[in-house]
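Structure file input.csv with CSV, C-alpha atoms and all ligand atoms:
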```csv
chain,number,residue,atom,x,y,z
A,1,MET,CA,58.8,61.3,31.9
A,2,GLN,CA,56.0,62.2,29.6
A,3,ASN,CA,55.7,60.5,26.2
A,4,LYS,CA,56.9,62.5,23.3
A,5,ILE,CA,54.3,63.1,20.7
A,6,LEU,CA,55.6,62.4,17.2
A,7,GLN,CA,52.5,62.9,15.2
A,8,GLN,CA,48.9,63.8,15.8
A,9,GLY,CA,46.7,62.9,12.8
A,10,ALA,CA,42.9,62.7,12.4
A,11,GLU,CA,42.7,59.1,13.6
A,12,ALA,CA,45.6,58.6,16.0
A,13,ILE,CA,48.2,60.1,18.2
A,14,ILE,CA,51.6,58.6,17.8
A,15,SER,CA,54.1,59.0,20.6
A,16,LEU,CA,57.4,57.6,21.8
A,17,ASP,CA,57.4,56.3,25.3
A,18,ASN,CA,60.2,56.0,27.9
A,19,ASN,CA,61.2,52.6,26.5
A,20,ASN,CA,61.7,54.0,23.0
A,21,GLN,CA,58.6,52.3,21.8
A,22,ILE,CA,55.8,53.7,19.7
A,23,LEU,CA,52.4,54.1,21.2
A,24,LYS,CA,49.5,54.4,18.7
A,25,ASN,CA,46.5,55.8,20.5
A,26,ARG,CA,43.3,56.2,18.6
A,27,ILE,CA,41.5,59.5,19.0
A,28,LYS,CA,38.1,59.6,20.6
A,29,LYS,CA,35.4,61.0,18.3
A,30,SER,CA,32.9,63.1,20.2
A,31,TYR,CA,30.3,62.9,17.4
A,32,ARG,CA,29.9,59.2,18.2
A,33,PHE,CA,28.1,57.7,21.2
A,34,PRO,CA,30.9,57.0,23.6
A,35,GLU,CA,30.1,53.3,23.9
A,36,LEU,CA,30.1,52.8,20.2
A,37,ASP,CA,33.2,54.9,19.8
A,38,ASN,CA,35.1,52.8,22.4
A,39,LYS,CA,34.0,49.6,20.6
A,40,LEU,CA,35.1,50.9,17.2
A,41,ARG,CA,38.5,52.2,18.4
A,42,THR,CA,39.2,48.9,20.2
A,43,ARG,CA,38.1,46.9,17.2
A,44,ARG,CA,40.3,48.9,14.9
A,45,ALA,CA,43.4,48.7,17.1
A,46,LYS,CA,42.9,44.9,17.4
A,47,SER,CA,42.4,44.5,13.7
A,48,GLU,CA,45.5,46.6,12.9
A,49,ALA,CA,47.7,44.6,15.4
A,50,LYS,CA,46.4,41.3,14.1
A,51,ILE,CA,47.3,42.1,10.5
A,52,ILE,CA,50.8,43.3,11.6
A,53,GLU,CA,51.3,40.1,13.6
A,54,LYS,CA,50.3,38.0,10.6
A,55,LEU,CA,52.9,39.8,8.5
A,56,LYS,CA,55.7,39.7,10.9
A,57,ASN,CA,57.7,36.9,9.2
A,58,ILE,CA,56.7,37.9,5.7
A,59,ILE,CA,57.5,41.6,5.2
A,60,ASN,CA,59.2,44.3,7.3
A,61,VAL,CA,56.7,45.6,9.9
A,62,PRO,CA,57.2,46.9,13.4
A,63,LYS,CA,57.1,44.3,16.1
A,64,ILE,CA,53.9,44.5,18.1
A,65,ILE,CA,54.7,44.7,21.8
A,66,LYS,CA,51.2,44.8,23.2
A,67,THR,CA,47.7,45.8,22.5
A,68,GLU,CA,45.5,47.1,25.2
A,69,ASP,CA,42.0,48.3,24.4
A,70,ASP,CA,42.4,51.0,21.8
A,71,LYS,CA,46.2,51.3,22.2
A,72,ILE,CA,49.0,49.5,20.3
A,73,THR,CA,52.6,49.5,21.6
A,74,MET,CA,55.1,48.6,18.9
A,75,GLN,CA,58.7,48.8,17.9
A,76,PHE,CA,60.0,52.2,16.9
A,77,ILE,CA,61.5,52.0,13.4
A,78,ASP,CA,64.5,54.3,13.5
A,79,GLY,CA,64.7,55.4,9.9
A,80,LYS,CA,63.5,57.9,7.3
A,81,LYS,CA,60.0,58.3,6.3
A,82,LEU,CA,59.9,57.9,2.5
A,83,SER,CA,57.5,60.8,2.0
A,84,ASP,CA,60.2,63.2,3.1
A,85,ASN,CA,63.2,61.4,1.6
A,86,LEU,CA,62.4,59.3,-1.4
A,87,GLU,CA,64.1,61.7,-3.9
A,88,LYS,CA,67.2,62.0,-1.8
A,89,LEU,CA,67.7,58.2,-1.6
A,90,ASP,CA,68.4,55.5,-4.1
A,91,TYR,CA,64.7,55.5,-5.1
A,92,LYS,CA,65.1,52.9,-7.9
A,93,LYS,CA,66.3,50.3,-5.5
A,94,ILE,CA,63.7,51.4,-3.0
A,95,CYS,CA,60.9,51.0,-5.5
A,96,LYS,CA,62.1,47.6,-6.4
A,97,GLN,CA,61.9,46.6,-2.7
A,98,ILE,CA,58.5,48.2,-2.4
A,99,SER,CA,57.2,46.0,-5.2
A,100,GLU,CA,58.7,42.9,-3.6
A,101,THR,CA,57.0,43.9,-0.4
A,102,LEU,CA,53.6,44.4,-2.2
A,103,THR,CA,54.0,41.1,-3.9
A,104,LYS,CA,54.3,39.3,-0.6
A,105,LEU,CA,51.6,41.3,1.0
A,106,HIS,CA,49.1,40.6,-1.7
A,107,ASN,CA,50.0,37.0,-1.9
A,108,GLN,CA,48.8,36.8,1.7
A,109,ASN,CA,45.6,38.4,0.5
A,110,ILE,CA,46.1,41.4,2.7
A,111,ILE,CA,45.3,44.8,1.4
A,112,HIS,CA,47.1,47.7,3.0
A,113,GLY,CA,44.4,50.3,2.3
A,114,ASP,CA,46.5,53.4,2.6
A,115,LEU,CA,49.6,52.9,0.5
A,116,THR,CA,51.4,56.2,0.6
A,117,THR,CA,55.0,57.0,1.2
A,118,SER,CA,54.0,58.4,4.6
A,119,ASN,CA,53.4,54.8,5.6
A,120,MET,CA,56.8,53.5,4.6
A,121,ILE,CA,60.0,53.9,6.5
A,122,TYR,CA,63.5,53.4,5.1
A,123,ALA,CA,65.8,51.9,7.7
A,124,GLU,CA,69.5,51.1,7.2
A,125,ASP,CA,70.2,47.6,8.4
A,126,ASN,CA,73.3,48.7,10.3
A,127,LYS,CA,71.4,51.2,12.2
A,128,GLN,CA,68.7,48.8,13.3
A,129,LYS,CA,71.4,46.3,14.3
A,130,LEU,CA,73.3,49.0,16.2
A,131,ASN,CA,70.2,49.8,18.2
A,132,ILE,CA,69.9,46.3,19.4
A,133,THR,CA,73.7,46.0,20.1
A,134,ASN,CA,73.6,49.3,22.1
A,135,SER,CA,72.0,47.6,25.0
A,136,LYS,CA,73.8,44.3,24.7
A,137,ILE,CA,77.5,44.8,24.1
A,138,SER,CA,80.4,46.9,25.3
A,139,LYS,CA,81.2,50.4,24.1
A,140,ALA,CA,84.4,49.3,22.5
A,141,THR,CA,82.7,46.8,20.3
A,142,GLN,CA,80.0,49.3,19.5
A,143,ASN,CA,82.6,51.8,18.3
A,144,LYS,CA,84.2,49.1,16.2
A,145,THR,CA,80.8,48.4,14.6
A,146,LYS,CA,80.2,52.1,14.0
A,147,ASN,CA,83.6,52.6,12.3
A,148,ASN,CA,82.9,49.6,10.1
A,149,ASN,CA,79.6,51.2,9.2
A,150,ASN,CA,81.2,54.5,8.3
A,151,ASN,CA,83.4,52.7,5.8
A,152,ASN,CA,80.3,51.6,4.0
A,153,ASN,CA,78.6,54.9,3.5
A,154,ASN,CA,77.0,53.9,0.2
A,155,ASN,CA,74.7,51.6,2.0
A,156,ASN,CA,73.0,48.9,0.0
A,157,ASN,CA,71.6,47.2,3.0
A,158,PHE,CA,68.4,48.8,3.8
A,159,LYS,CA,64.9,47.7,4.6
A,160,ILE,CA,61.6,49.3,3.7
A,161,TYR,CA,59.1,48.9,6.6
A,162,LEU,CA,55.4,49.1,6.0
A,163,ILE,CA,53.5,50.8,8.8
A,164,ASP,CA,49.9,51.9,9.5
A,165,PHE,CA,47.6,49.0,8.7
A,166,GLY,CA,44.7,50.9,10.2
A,167,LEU,CA,42.8,50.6,7.0
A,168,GLY,CA,44.1,47.1,6.2
A,169,PHE,CA,41.8,44.2,5.5
A,170,HIS,CA,41.8,40.7,4.0
A,171,SER,CA,40.7,40.2,0.4
A,172,ARG,CA,41.5,37.9,-2.5
A,173,LYS,CA,39.9,40.2,-5.0
A,174,ILE,CA,41.8,41.5,-8.0
A,175,GLU,CA,39.9,44.7,-7.6
A,176,ASP,CA,41.1,45.4,-4.0
A,177,LYS,CA,44.7,44.6,-4.9
A,178,ALA,CA,44.5,46.9,-7.9
A,179,VAL,CA,43.0,49.7,-5.8
A,180,ASP,CA,46.0,49.4,-3.4
A,181,LEU,CA,48.3,49.9,-6.4
A,182,HIS,CA,46.2,52.7,-7.8
A,183,LEU,CA,46.4,54.6,-4.5
A,184,LEU,CA,50.1,54.2,-4.4
A,185,LYS,CA,50.4,55.5,-7.9
A,186,GLN,CA,48.3,58.5,-7.0
A,187,ALA,CA,50.3,59.1,-3.9
A,188,LEU,CA,53.6,59.0,-5.9
A,189,GLU,CA,52.2,61.4,-8.5
A,190,ALA,CA,51.0,63.8,-5.9
A,191,LYS,CA,54.0,63.8,-3.6
A,192,HIS,CA,56.9,62.8,-5.8
A,193,PHE,CA,55.9,64.1,-9.2
A,194,LYS,CA,59.5,64.4,-10.5
A,195,ILE,CA,60.3,60.8,-10.1
A,196,ALA,CA,56.8,59.3,-10.1
A,197,ASP,CA,56.7,57.9,-13.6
A,198,GLU,CA,60.0,56.2,-13.1
A,199,CYS,CA,58.9,54.8,-9.7
A,200,ILE,CA,55.6,53.5,-11.0
A,201,LYS,CA,57.3,51.8,-13.9
A,202,ILE,CA,59.7,50.0,-11.6
A,203,ILE,CA,57.0,49.0,-9.2
A,204,LEU,CA,54.7,47.6,-11.8
A,205,LYS,CA,57.6,45.8,-13.5
A,206,ASN,CA,58.7,44.0,-10.3
A,207,TYR,CA,55.3,43.4,-8.8
A,208,LYS,CA,54.6,39.7,-9.3
A,209,PRO,CA,52.0,38.2,-6.9
A,210,LYS,CA,49.6,35.5,-8.1
A,211,GLN,CA,47.3,36.9,-10.8
A,212,TYR,CA,49.5,40.0,-11.2
A,213,LYS,CA,48.6,40.3,-14.9
A,214,LEU,CA,44.9,40.6,-14.1
A,215,ILE,CA,45.7,43.0,-11.2
A,216,ILE,CA,47.8,45.3,-13.4
A,217,LYS,CA,45.2,45.2,-16.1
A,218,ARG,CA,42.6,46.4,-13.7
A,219,ILE,CA,44.4,49.6,-12.8
A,220,PRO,CA,43.5,51.6,-15.9
A,221,ILE,CA,39.9,50.4,-15.5
A,222,ILE,CA,39.8,51.8,-12.0
A,223,GLU,CA,41.3,55.0,-13.2
A,224,SER,CA,38.8,55.3,-16.1
A,225,ARG,CA,36.0,55.1,-13.6
A,226,GLY,CA,37.6,58.2,-12.1
A,227,ARG,CA,36.2,57.4,-8.8
A,228,TYR,CA,36.3,54.1,-7.1
A,229,LYS,CA,34.0,52.8,-4.5
A,230,ASN,CA,35.7,53.2,-1.1
A,231,LYS,CA,35.2,49.9,0.6
A,232,HIS,CA,37.0,50.8,3.9
A,233,HIS,CA,35.0,50.7,7.1
B,1,LIG,N1,56.5,51.9,14.4
B,1,LIG,C1,56.8,53.2,14.0
B,1,LIG,N2,58.1,53.5,13.9
B,1,LIG,C2,58.5,54.8,13.6
B,1,LIG,N3,57.6,55.8,13.3
B,1,LIG,C3,56.3,55.5,13.3
B,1,LIG,C4,55.8,54.1,13.7
B,1,LIG,N4,54.5,54.1,13.6
B,1,LIG,C5,54.1,55.4,13.3
B,1,LIG,N5,55.2,56.2,13.1
B,1,LIG,C6,55.2,57.6,12.7
B,1,LIG,O1,53.9,58.2,13.0
B,1,LIG,C7,53.2,58.6,11.8
B,1,LIG,C8,51.8,58.2,11.9
B,1,LIG,O2,51.6,56.9,12.2
B,1,LIG,P1,50.5,56.0,11.4
B,1,LIG,O3,50.5,54.6,12.0
B,1,LIG,O4,50.7,56.1,9.9
B,1,LIG,O5,49.1,56.7,11.8
B,1,LIG,P2,48.0,57.5,11.0
B,1,LIG,O6,46.9,56.6,10.9
B,1,LIG,O7,47.7,58.7,11.8
B,1,LIG,O8,48.6,57.9,9.6
B,1,LIG,C9,53.9,57.8,10.6
B,1,LIG,O9,53.8,58.4,9.4
B,1,LIG,C10,55.4,57.7,11.2
B,1,LIG,O10,56.0,59.0,10.9
B,2,MG,MG,49.8,56.8,8.3
```
How would this structure read if it were set down as structure tokens?
Ligand SMILES: Nc1ncnc2c1ncn2[C@@H]1O[C@H](COP(=O)(O)OP(=O)(O)O)[C@@H](O)[C@H]1O
Ligand SMILES: [Mg+2]
Amino acid sequence: MQNKILQQGAEAIISLDNNNQILKNRIKKSYRFPELDNKLRTRRAKSEAKIIEKLKNIINVPKIIKTEDDKITMQFIDGKKLSDNLEKLDYKKICKQISETLTKLHNQNIIHGDLTTSNMIYAEDNKQKLNITNSKISKATQNKTKNNNNNNNNNNNFKIYLIDFGLGFHSRKIEDKAVDLHLLKQALEAKHFKIADECIKIILKNYKPKQYKLIIKRIPIIESRGRYKNKHH
């Protein structure tokens, strides 16, 4: 059976393969010399997979299954993309979890580089568990688990997964961490304007990595420059 294409962006094609795994395939750029293009795509795929691997025990990220040249195979996170759902969900709790995730991320000196709600997936714990159990235990037990889940509709047990580290990089700099937050702020204002102020307040209040005071102080400076230097590759 053919892979099912989930999204085709400017940089990558994301598809779901027969094993219910995500395949991230970087798109060839015809304006580059083929040899250079191959090298760049492979380098970027490797870099993305390496960052995700480094974070696997620190924050919620998809498991990397394999990397092959310019292709990454990873775990499919069965959930809701925050860009389409934030307002409908318990966004205050979600924002708190986002700030905890960013605290851990920045304490590792990793910059995401593209913090938008399109790169965040909300997954209910029960659902993820159920996916694992599906292949392992009997139907009767599964139904029991399902019923138990249904009794608990108001689900507090969720995880926010960060995906898409294609623009991620290592940095200890206050500036780079502040730009990450600035981009998230902008993304919230653009896409979730009704709740953006509330969200930003919660995120900044709960974001507590090393040097967080300096990082937060840097945000208005970045904004006053109006335009920041884009340091991505
Ligand atoms: N591991 C994953 N699990 C579930 N959905 C994913 C996963 N990786 C990517 N996606 C989906 O594909 C979209 C694009 O993937 P992403 O890695 O963000 O690539 P791009 O660089 O094109 O933005 C995401 O917004 C998400 O909807
Ligand atoms: Mg993305």
Original post:
What is the atom CA of Asp90 of chain A-atom CA of Tyr122 of chain A distance in Å, reported with one decimal?
Top reply: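 Separation between atom CA of Asp90 of chain A and atom CA of Tyr122 of chain A: 10.6 Å.
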**OP:** Could the residues that lie within 9 Å of ligand MG 2 (chain B), counting all atoms listed in the file, be listed as number ranges by chain?
**Re:** A: 9, 12, 114-120, 163-166
Subject >> Selected residue, from A:Arg225, A:Arg218, A:Lys201, A:Lys177, that lies nearest to Cys95 of chain A when counting only C-alpha atoms >> reply: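 For Cys95 of chain A, the nearest of the given residues is A:Lys201.
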Original post:
Between atom CA of Val179 of chain A and atom CA of Ile219 of chain A, what is the distance, to one decimal in Å?
Top reply: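 If I compute the distance from atom CA of Val179 of chain A to atom CA of Ile219 of chain A, I get 7.1 Å.
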Shell of 8 Å around ligand LIG 1 (chain B) (all atoms listed in the file), written as a PDB file with C-alpha atoms, keeping the file's coordinate frame:
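Saved file pocket-v5.pdb follows:
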```pdb
ATOM      1  CA  LEU A   6      55.600  62.400  17.200  1.00  0.00           C
ATOM      2  CA  GLN A   7      52.500  62.900  15.200  1.00  0.00           C
ATOM      3  CA  GLN A   8      48.900  63.800  15.800  1.00  0.00           C
ATOM      4  CA  GLY A   9      46.700  62.900  12.800  1.00  0.00           C
ATOM      5  CA  ALA A  10      42.900  62.700  12.400  1.00  0.00           C
ATOM      6  CA  GLU A  11      42.700  59.100  13.600  1.00  0.00           C
ATOM      7  CA  ALA A  12      45.600  58.600  16.000  1.00  0.00           C
ATOM      8  CA  ILE A  13      48.200  60.100  18.200  1.00  0.00           C
ATOM      9  CA  ILE A  14      51.600  58.600  17.800  1.00  0.00           C
ATOM     10  CA  SER A  15      54.100  59.000  20.600  1.00  0.00           C
ATOM     11  CA  GLN A  21      58.600  52.300  21.800  1.00  0.00           C
ATOM     12  CA  ILE A  22      55.800  53.700  19.700  1.00  0.00           C
ATOM     13  CA  LEU A  23      52.400  54.100  21.200  1.00  0.00           C
ATOM     14  CA  LYS A  24      49.500  54.400  18.700  1.00  0.00           C
ATOM     15  CA  VAL A  61      56.700  45.600   9.900  1.00  0.00           C
ATOM     16  CA  PRO A  62      57.200  46.900  13.400  1.00  0.00           C
ATOM     17  CA  LYS A  63      57.100  44.300  16.100  1.00  0.00           C
ATOM     18  CA  MET A  74      55.100  48.600  18.900  1.00  0.00           C
ATOM     19  CA  GLN A  75      58.700  48.800  17.900  1.00  0.00           C
ATOM     20  CA  PHE A  76      60.000  52.200  16.900  1.00  0.00           C
ATOM     21  CA  ILE A  77      61.500  52.000  13.400  1.00  0.00           C
ATOM     22  CA  ASP A  78      64.500  54.300  13.500  1.00  0.00           C
ATOM     23  CA  GLY A  79      64.700  55.400   9.900  1.00  0.00           C
ATOM     24  CA  LYS A  81      60.000  58.300   6.300  1.00  0.00           C
ATOM     25  CA  SER A 118      54.000  58.400   4.600  1.00  0.00           C
ATOM     26  CA  ASN A 119      53.400  54.800   5.600  1.00  0.00           C
ATOM     27  CA  MET A 120      56.800  53.500   4.600  1.00  0.00           C
ATOM     28  CA  ILE A 121      60.000  53.900   6.500  1.00  0.00           C
ATOM     29  CA  ILE A 163      53.500  50.800   8.800  1.00  0.00           C
ATOM     30  CA  ASP A 164      49.900  51.900   9.500  1.00  0.00           C
ATOM     31  CA  PHE A 165      47.600  49.000   8.700  1.00  0.00           C
ATOM     32  CA  GLY A 166      44.700  50.900  10.200  1.00  0.00           C
TER      33      GLY A 166
END
```
Original post:
Which residues, written as a ChimeraX atom specification, have at least one atom at most 9 Å from Glu48 of chain A, with only C-alpha atoms counted and residues fewer than 4 positions away on the same chain left out?
Top reply: /A:43-44,52-53,72,164-169
Residue subset to file, keeping C-alpha atoms, as an mmCIF file, in the frame of the given file:
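The resulting file, result.cif, is reproduced below:
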```cif
data_model
loop_
_atom_site.group_PDB
_atom_site.id
_atom_site.type_symbol
_atom_site.label_atom_id
_atom_site.label_comp_id
_atom_site.auth_asym_id
_atom_site.auth_seq_id
_atom_site.Cartn_x
_atom_site.Cartn_y
_atom_site.Cartn_z
ATOM 1 C CA ARG A 43 38.100 46.900 17.200
ATOM 2 C CA ARG A 44 40.300 48.900 14.900
ATOM 3 C CA ILE A 52 50.800 43.300 11.600
ATOM 4 C CA GLU A 53 51.300 40.100 13.600
ATOM 5 C CA ILE A 72 49.000 49.500 20.300
ATOM 6 C CA ASP A 164 49.900 51.900 9.500
ATOM 7 C CA PHE A 165 47.600 49.000 8.700
ATOM 8 C CA GLY A 166 44.700 50.900 10.200
ATOM 9 C CA LEU A 167 42.800 50.600 7.000
ATOM 10 C CA GLY A 168 44.100 47.100 6.200
ATOM 11 C CA PHE A 169 41.800 44.200 5.500
#
```
**OP:** Starting from the point (64.5, 51.1, -4.0), work out which residues of protein, DNA or RNA have an atom no more than 10 Å away when counting all atoms listed in the file; state them as an NGL selection string.
**Re:** :A and (86 or 89-99 or 122 or 156 or 158-160 or 199 or 202-203)
Subject >> d(atom CA of Ser171 of chain A, atom CA of Pro209 of chain A) in Å >> reply: 13.6 Å
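Among A:Asn157, A:Asn109, A:Asn20, A:Ser30, the residue with the shortest atom-to-atom distance to Ile174 of chain A, counting all atoms listed in the file, is A:Asn109.
Using all atoms listed in the file, the shortest contact distance between Lys28 of chain A and any of A:Arg172, A:Arg41, A:Lys205, A:Lys88 is found at A:Arg41.
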Original post:
Of the residues A:Leu183, A:Ile215, A:Asn25, A:Asn18, which is the one nearest to His112 of chain A, using all atoms listed in the file?
Top reply: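 Among the listed residues, the smallest separation from His112 of chain A belongs to A:Leu183.
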Subject >> All residues 12 Å or closer to Pro220 of chain A, only C-alpha atoms, same chain fewer than 2 positions away omitted, as a PyMOL selection string >> reply: chain A and resi 175+178-179+181-182+185+214-218+222-228
